[in-house]
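*Asks:* Just dropping this structure here.
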Amino acid sequence: MSVFLSSLGFGLISAAVLAIATVGFTMQFAVTNVLNLAYGSVMINSAFVTYYLNYHAHLNAWVAMIGGVFTGAVASYLLNRFVFTPFQRRNLLPITIVIVALGVDLCGTFGLQAIIGGSYFSYKQSLGREIHFWGMYFSTLQLIIMGICVVVLGLIHWLLKYTRLGKAMRATSANPNLARNSGVRTQRVISSTWLISGALCGLAGTVFAMNTGVFDATSAQLYIVLMLAAMFLGGPGSAYGAMIGAVTIGVATELSAGYFNPQYKEVIAFVVLLGMLTFRPYGLFGSEKTN
Amino acid sequence: MSVELTKQGLVLSTNGLSAGYDGRPIVSDITIEATPGKVVSVVGPNGSGKSTLLKSLVGVVKVLEGHVTVGEHEITNLAPEEVAMIGVGYVPQIDDVFPPLSVKENLEIGGYLLSRREIPGRIDAVLDFFPKLKTMMTRKAGKLSGGERKMLAMGRVLMLSPSVLVLDEPTANLAPMVATQLLEEFVRGFADFGSTVLLVEQRAKAALRISDWTYVLGGGKVVLAGAPKDLEQNPLFVESFLGGSAPSRSTSNE
């Protein structure tokens with residue numbers, strides 16, 4: 001029971017980080033039809049901007065995180081503006097964009113490694129005191145990360161459900177041509193989506209690095225597998241599906257790590273991903289049309 | 001009908017229009033005109049280019065040659081959102097609503113160009129015209145029946161009080177009774193109020209009943225035009241559209 005509860009605790013914190021990352025990832029896919037496999041490299045580069053501001057500019061890690069969020073937003077916007085959009089305008093096959101994204105991911109990750117080297121880094125930040133409840137253990141830092149996740153997901157819900165921009169984002173995702181016929185300037189909506197989802201990417205990178213404690217340039221390389229699994233579980237393009245998918249994958253991978261070799265915890269995500277692609281490729285909350 | 005539902009119509013016209021995909025024309029040398037207070041219909045066999053023609057008017061398909069004007073505005077190859085701003089409301093044949101959005105959200109997106117304060121009043125005006133939608137405001141558009149969905153699609157374009165309504169086969173997949181009601185009550189109603197209505201319709205008889213003028217497309221060109229009562233006397237038209245086979249010049253490139 002204690003292994004189960006402690007693994008569940010780890011699962012909840014992993015799920016919080018994964019949820020922030022996956023919601024941004026799936027928003028990009030939903031609104032712009034880009035499966036941005038470079039998301040992980042933007043995450044880790046943003047985490048390193050936070051590191052620079054924290055370690056070298058001596059800012060508090062939470063304040064430095066603003067730099068990471070800003071970096072994620074700007075990098076994602078520029079990535080769409082100058083890389084993905086020009087390729088999309090050529091009406092190439094969707095797989096071409098995926099390959100381009102993969103190339104950008106490798107450039108972003110190993111370019112960063114070429115600059116900073118292969119060392120491990122960590123933020124100057126206290127974990128805070130340890131809190132026990134219901135057999136689970138959390139540091140103050142982890143509770144703050146979970147709090148950030150709840151607030152961010154609440155804001156995304158508010159954005160999508162109650163704001164003009166959010167409704168335009170959902171309309172553009174559902175039917176871009178009809179959205180344009182209704183007067184929606186979809187290019188502006190798409191740019192806004194990349195800025196917002198990029199900010200989530202930068203935030204996810206920073207809290208991912210905070211949660212892992214030590215990180216290097218390649219730390220987020222396999223993270224894309226978890227995001228894909230969470231996205232396909234919830235339904236590609238569904239922000240709410242991504243939230244549920246992230247919680248499920250986060251908890252499932254940490255529970256499997258509690259009972260089996262932790263090195264293989266990504267395998268459970270692979271299994272879920274393959275299972276969903278085989279039996280329900282439109283996920284739990286997507287429609288067959290999304291597929 | 002609410003006096004605020006549509007604006008006074010504008011003349012929609014094309015002159016020598018050719019349009020298509022990847023530089024290849026699907027329709028060519030099309031000169032048509034739709035005037036305020038009239039229903040102008042376009043009929044023709046499958047593949048004659050009817051939908052492509054409408055899409056080229058609203059910026060969805062590229063105009064390769066010729067011009068499209070609405071009132072004083074040249075709208076040739078304007079972006080769809082700019083065409084909407086000028087006052088042209090377009091209801092496509094399929095994918096005419098946003099399925100994951102609720103009925104209310106669909107109407108709000110229809111009024112995207114309005115200020116936040118104007119939207120509730122416009123929604124009320126649309127619901128007065130389509131009272132059936134009042135009971136399903138929170139339902140997802142994807143869960144509506146064919147007739148309800150089409151009402152929502154029309155309600156969505158009415159949110160901007162369009163001067164010109166461009167309707168692509170609004171009765172497709174509807175039961176005959178619902179189709180008749182939609183055409184005679186709603187589509188004819190828009191024109192009677194003063195709007196300009198350009199209607200593409202597969203049900204030729206039903207279209208003629210509510211139209212003031214009809215163009216017949218075949219092989220991407222206008223092959224006949226006239227008032228419905230004149231077309232009903234034309235043997236070629238009668239044979240082809242009111243009970244006979246399709247004209248031999250039709251193609252399947254739509």
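Naming works like this for the structure tokens: A, B, ... for the chains as they're shown, residue 1 at the start of each chain, ligands 1 onward in shown order.
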Please produce, as a Markdown table, a per-residue contact table for chain B versus chain A (criterion: any atom at most 9 Å away, only C-alpha atoms considered), showing the nearest atom pair and its distance in Å to one decimal, sorted by chain then residue number.

*Replies:*
| residue | atom | partner | partner_atom | distance |
| --- | --- | --- | --- | --- |
| B:Val58 | CA | A:Asn181 | CA | 7.6 |
| B:Gly59 | CA | A:Asn181 | CA | 8.5 |
| B:Val60 | CA | A:Asn177 | CA | 7.4 |
| B:Ala79 | CA | A:Arg180 | CA | 7.9 |
| B:Pro80 | CA | A:Asn181 | CA | 5.0 |
| B:Glu81 | CA | A:Gly183 | CA | 4.1 |
| B:Glu82 | CA | A:Gly183 | CA | 6.9 |
| B:Val83 | CA | A:Asn181 | CA | 7.5 |
| B:Ala84 | CA | A:Gly183 | CA | 5.5 |
| B:Met85 | CA | A:Gly183 | CA | 6.4 |
| B:Val88 | CA | A:Asn181 | CA | 8.9 |
| B:Gly89 | CA | A:Asn181 | CA | 7.5 |
| B:Tyr90 | CA | A:Asn181 | CA | 6.7 |
| B:Val91 | CA | A:Leu178 | CA | 8.6 |
| B:Pro92 | CA | A:Leu178 | CA | 8.2 |
| B:Asp95 | CA | A:Asn175 | CA | 7.4 |
| B:Asp96 | CA | A:Leu178 | CA | 6.9 |
| B:Val97 | CA | A:Leu178 | CA | 7.5 |
| B:Phe98 | CA | A:Ala174 | CA | 5.9 |
| B:Pro99 | CA | A:Ala174 | CA | 7.1 |
| B:Pro100 | CA | A:Ala174 | CA | 7.0 |
| B:Leu101 | CA | A:Ala171 | CA | 7.4 |
| B:Glu105 | CA | A:Lys167 | CA | 7.3 |
| B:Asn106 | CA | A:Ala171 | CA | 8.2 |
| B:Glu108 | CA | A:Lys167 | CA | 8.5 |
| B:Ile109 | CA | A:Ser182 | CA | 6.7 |
| B:Gly110 | CA | A:Ser182 | CA | 5.2 |
| B:Gly111 | CA | A:Ser182 | CA | 7.4 |
| B:Tyr112 | CA | A:Gly183 | CA | 6.3 |
| B:Leu113 | CA | A:Gly183 | CA | 6.1 |
| B:Arg116 | CA | A:Arg164 | CA | 8.7 |
| B:Arg156 | CA | A:Ser182 | CA | 7.9 |
| B:Val157 | CA | A:Ser182 | CA | 7.0 |
| B:Leu160 | CA | A:Ser182 | CA | 8.5 |

*Asks:* Take the residues from that selection and put them in a file with N, CA, C and O atoms, as a CSV table (one decimal), in the first residue's frame.

*Replies:*
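Written file, selection31.csv:
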chain,number,residue,atom,x,y,z
B,58,VAL,N,-17.0,33.9,-52.5
B,58,VAL,CA,-16.7,34.3,-51.1
B,58,VAL,C,-15.3,34.1,-50.7
B,58,VAL,O,-15.0,34.1,-49.5
B,59,GLY,N,-14.4,33.9,-51.7
B,59,GLY,CA,-13.0,33.9,-51.3
B,59,GLY,C,-12.4,32.6,-51.0
B,59,GLY,O,-11.2,32.5,-50.5
B,60,VAL,N,-13.2,31.5,-51.1
B,60,VAL,CA,-12.7,30.2,-50.7
B,60,VAL,C,-11.9,29.5,-51.9
B,60,VAL,O,-10.9,28.8,-51.7
B,79,ALA,N,-10.0,37.9,-49.2
B,79,ALA,CA,-10.0,36.8,-48.2
B,79,ALA,C,-11.4,36.6,-47.7
B,79,ALA,O,-12.2,37.6,-47.6
B,80,PRO,N,-11.8,35.4,-47.3
B,80,PRO,CA,-13.2,35.1,-46.8
B,80,PRO,C,-13.6,36.1,-45.7
B,80,PRO,O,-14.8,36.5,-45.7
B,81,GLU,N,-12.7,36.4,-44.8
B,81,GLU,CA,-13.1,37.3,-43.6
B,81,GLU,C,-13.4,38.7,-44.1
B,81,GLU,O,-14.3,39.4,-43.6
B,82,GLU,N,-12.7,39.1,-45.2
B,82,GLU,CA,-13.0,40.4,-45.7
B,82,GLU,C,-14.3,40.5,-46.5
B,82,GLU,O,-15.1,41.4,-46.4
B,83,VAL,N,-14.6,39.4,-47.2
B,83,VAL,CA,-15.9,39.2,-47.8
B,83,VAL,C,-17.1,39.3,-46.8
B,83,VAL,O,-18.1,40.0,-47.0
B,84,ALA,N,-16.9,38.6,-45.7
B,84,ALA,CA,-17.9,38.6,-44.6
B,84,ALA,C,-18.1,40.1,-44.1
B,84,ALA,O,-19.2,40.5,-43.8
B,85,MET,N,-17.0,40.8,-43.9
B,85,MET,CA,-17.0,42.2,-43.4
B,85,MET,C,-17.8,43.1,-44.4
B,85,MET,O,-18.5,44.0,-43.9
B,88,VAL,N,-21.4,39.8,-47.0
B,88,VAL,CA,-21.8,38.6,-47.7
B,88,VAL,C,-21.8,37.5,-46.7
B,88,VAL,O,-20.7,37.1,-46.2
B,89,GLY,N,-22.9,36.9,-46.5
B,89,GLY,CA,-23.0,35.7,-45.6
B,89,GLY,C,-23.1,34.4,-46.4
B,89,GLY,O,-23.9,34.3,-47.4
B,90,TYR,N,-22.2,33.5,-46.1
B,90,TYR,CA,-22.1,32.3,-46.9
B,90,TYR,C,-22.4,31.1,-46.1
B,90,TYR,O,-21.8,30.9,-45.0
B,91,VAL,N,-23.3,30.2,-46.6
B,91,VAL,CA,-23.6,29.0,-45.9
B,91,VAL,C,-23.2,27.8,-46.8
B,91,VAL,O,-23.8,27.6,-47.9
B,92,PRO,N,-22.1,27.1,-46.5
B,92,PRO,CA,-21.6,26.1,-47.4
B,92,PRO,C,-22.6,24.9,-47.3
B,92,PRO,O,-23.4,24.7,-46.4
B,95,ASP,N,-20.2,21.0,-43.7
B,95,ASP,CA,-19.3,21.6,-42.8
B,95,ASP,C,-19.8,23.1,-42.6
B,95,ASP,O,-19.0,24.0,-42.7
B,96,ASP,N,-21.1,23.2,-42.3
B,96,ASP,CA,-21.7,24.5,-42.2
B,96,ASP,C,-21.8,25.1,-40.8
B,96,ASP,O,-22.3,26.2,-40.6
B,97,VAL,N,-21.4,24.2,-39.8
B,97,VAL,CA,-21.4,24.7,-38.4
B,97,VAL,C,-20.1,24.2,-37.8
B,97,VAL,O,-19.3,23.5,-38.4
B,98,PHE,N,-19.9,24.7,-36.5
B,98,PHE,CA,-18.7,24.2,-35.8
B,98,PHE,C,-19.2,23.1,-34.8
B,98,PHE,O,-19.7,23.5,-33.7
B,99,PRO,N,-19.0,21.9,-35.1
B,99,PRO,CA,-19.7,20.8,-34.4
B,99,PRO,C,-19.3,20.8,-32.9
B,99,PRO,O,-20.2,20.5,-32.0
B,100,PRO,N,-18.0,21.1,-32.5
B,100,PRO,CA,-17.8,20.9,-31.0
B,100,PRO,C,-18.3,22.1,-30.2
B,100,PRO,O,-18.3,22.1,-29.0
B,101,LEU,N,-18.7,23.2,-30.9
B,101,LEU,CA,-19.2,24.4,-30.2
B,101,LEU,C,-20.7,24.3,-30.0
B,101,LEU,O,-21.4,23.7,-30.8
B,105,GLU,N,-22.5,29.3,-28.9
B,105,GLU,CA,-21.2,29.6,-29.3
B,105,GLU,C,-21.1,29.7,-30.8
B,105,GLU,O,-20.3,30.6,-31.3
B,106,ASN,N,-21.8,28.9,-31.6
B,106,ASN,CA,-21.8,29.0,-33.0
B,106,ASN,C,-22.3,30.4,-33.4
B,106,ASN,O,-21.8,31.1,-34.3
B,108,GLU,N,-22.3,33.1,-31.6
B,108,GLU,CA,-21.4,34.1,-31.1
B,108,GLU,C,-20.2,34.2,-32.2
B,108,GLU,O,-19.8,35.3,-32.5
B,109,ILE,N,-19.8,33.1,-32.7
B,109,ILE,CA,-18.7,33.1,-33.7
B,109,ILE,C,-19.3,33.8,-35.0
B,109,ILE,O,-18.6,34.6,-35.6
B,110,GLY,N,-20.5,33.5,-35.3
B,110,GLY,CA,-21.2,34.2,-36.4
B,110,GLY,C,-21.1,35.7,-36.2
B,110,GLY,O,-21.0,36.5,-37.2
B,111,GLY,N,-21.2,36.2,-35.0
B,111,GLY,CA,-21.2,37.6,-34.7
B,111,GLY,C,-19.8,38.1,-34.3
B,111,GLY,O,-19.7,39.1,-33.6
B,112,TYR,N,-18.8,37.4,-34.8
B,112,TYR,CA,-17.4,37.7,-34.3
B,112,TYR,C,-17.0,39.2,-34.6
B,112,TYR,O,-16.2,39.8,-33.9
B,113,LEU,N,-17.5,39.7,-35.7
B,113,LEU,CA,-17.1,41.1,-36.1
B,113,LEU,C,-17.9,42.1,-35.3
B,113,LEU,O,-17.6,43.3,-35.4
B,116,ARG,N,-18.9,43.2,-28.3
B,116,ARG,CA,-19.4,42.3,-27.3
B,116,ARG,C,-20.8,42.7,-26.9
B,116,ARG,O,-21.6,41.8,-26.6
B,156,ARG,N,-26.2,31.6,-38.0
B,156,ARG,CA,-24.8,32.0,-37.9
B,156,ARG,C,-24.5,33.2,-38.8
B,156,ARG,O,-23.9,34.2,-38.4
B,157,VAL,N,-24.9,33.0,-40.1
B,157,VAL,CA,-24.6,34.1,-41.1
B,157,VAL,C,-25.5,35.3,-40.8
B,157,VAL,O,-25.1,36.5,-41.1
B,160,LEU,N,-24.4,38.7,-38.6
B,160,LEU,CA,-23.8,39.9,-39.1
B,160,LEU,C,-24.7,40.8,-40.0
B,160,LEU,O,-24.2,41.7,-40.7

*Asks:* Do a neighbour search on Val39 (chain B) at 12 Å with only C-alpha atoms, toss out local chain neighbours closer than 3 positions, and write the hits as a count of residues only.

*Replies:* 41

*Asks:* Work out how far apart CA of Leu78 (chain B) and CA of Lys55 (chain B) are and give it in Å to one decimal.

*Replies:*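 Distance between the two atoms: 11.6 Å.
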
*Asks:* Determine which residues of region 80-286 of chain A receive a DSSP assignment of strand (DSSP E), computed from the backbone, and state them as a VMD selection string.

*Replies:* chain A and resid 130 to 133 136 to 139

*Asks:* Using only C-alpha atoms, determine which residues lie at most 9 Å from Tyr55 (chain A), disregarding the query and same-chain residues fewer than 5 positions distant; provide the list as a VMD selection string.

*Replies:* chain A and resid 50 60 to 61 122 to 124

*Asks:* Find the distance between CA of Leu12 (chain A) and CA of Leu200 (chain A) and write it in Å to one decimal.

*Replies:*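 So the two atoms, CA of Leu12 (chain A) and CA of Leu200 (chain A), lie 18.4 Å apart.
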
*Asks:* Distance CA of Ser51 (chain B)-CA of Val63 (chain B), one decimal place?

*Replies:*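 One can read the CA of Ser51 (chain B) to CA of Val63 (chain B) distance as 13.4 Å.
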
*Asks:* Might you pull out every residue within 12 Å of Ala75 (chain A), with only C-alpha atoms counted and same-chain residues fewer than 3 positions away left off, and present them as a PyMOL selection string?

*Replies:* chain A and resi 38-39+41-46+49+67-72+78-83+104+108+191+194-202

*Asks:* Can you pull out every residue from region 190-251 of chain A that DSSP, working from the backbone, puts in alpha helix (DSSP H), and format the result as a ChimeraX atom specification?

*Replies:* /A:190-212,223-234,239-251

*Asks:* Contacts of Lys132 (chain B) at 12 Å or less, counting only C-alpha atoms, minus same-chain residues fewer than 5 places along, as a PyMOL selection string?

*Replies:* chain B and resi 103+126-127+137+144-145+147-152+155

*Asks:* The selected residues should be written to file as a tab-separated table (two decimals), in the first residue's frame (atoms: N, CA and C atoms).

*Replies:*
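Writing the result to selection.tsv gives the following:
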chain	number	residue	atom	x	y	z
B	103	VAL	N	-24.67	25.61	-29.70
B	103	VAL	CA	-25.47	26.46	-30.60
B	103	VAL	C	-25.18	27.93	-30.30
B	126	VAL	N	-31.94	36.64	-34.12
B	126	VAL	CA	-31.84	35.38	-34.87
B	126	VAL	C	-32.80	34.33	-34.27
B	127	LEU	N	-32.88	34.30	-32.94
B	127	LEU	CA	-33.76	33.31	-32.30
B	127	LEU	C	-35.24	33.63	-32.55
B	137	MET	N	-29.82	25.89	-26.98
B	137	MET	CA	-28.67	26.80	-27.01
B	137	MET	C	-27.38	26.18	-26.45
B	144	LEU	N	-26.99	18.13	-33.52
B	144	LEU	CA	-28.28	18.58	-34.05
B	144	LEU	C	-28.71	17.71	-35.23
B	145	SER	N	-30.03	17.72	-35.49
B	145	SER	CA	-30.53	17.03	-36.68
B	145	SER	C	-30.18	17.87	-37.91
B	147	GLY	N	-32.06	19.39	-40.16
B	147	GLY	CA	-32.82	20.64	-40.28
B	147	GLY	C	-32.39	21.67	-39.25
B	148	GLU	N	-32.18	21.20	-38.02
B	148	GLU	CA	-31.75	22.13	-36.94
B	148	GLU	C	-30.38	22.70	-37.27
B	149	ARG	N	-29.55	21.82	-37.78
B	149	ARG	CA	-28.19	22.24	-38.12
B	149	ARG	C	-28.21	23.32	-39.22
B	150	LYS	N	-29.09	23.13	-40.20
B	150	LYS	CA	-29.15	24.11	-41.29
B	150	LYS	C	-29.70	25.43	-40.79
B	151	MET	N	-30.67	25.36	-39.85
B	151	MET	CA	-31.17	26.61	-39.26
B	151	MET	C	-30.04	27.33	-38.53
B	152	LEU	N	-29.24	26.56	-37.81
B	152	LEU	CA	-28.12	27.16	-37.09
B	152	LEU	C	-27.12	27.78	-38.08
B	155	GLY	N	-28.62	30.88	-39.19
B	155	GLY	CA	-28.60	31.82	-38.05
B	155	GLY	C	-27.22	32.40	-37.85

*Asks:* Which residues, written as a VMD selection string, have at least one atom at most 9 Å from Lys50 (chain B), with only C-alpha atoms counted and residues fewer than 3 positions away on the same chain left out?

*Replies:* chain B and resid 27 42 to 47 53 to 55 168 200 to 201 217 to 218 220 254
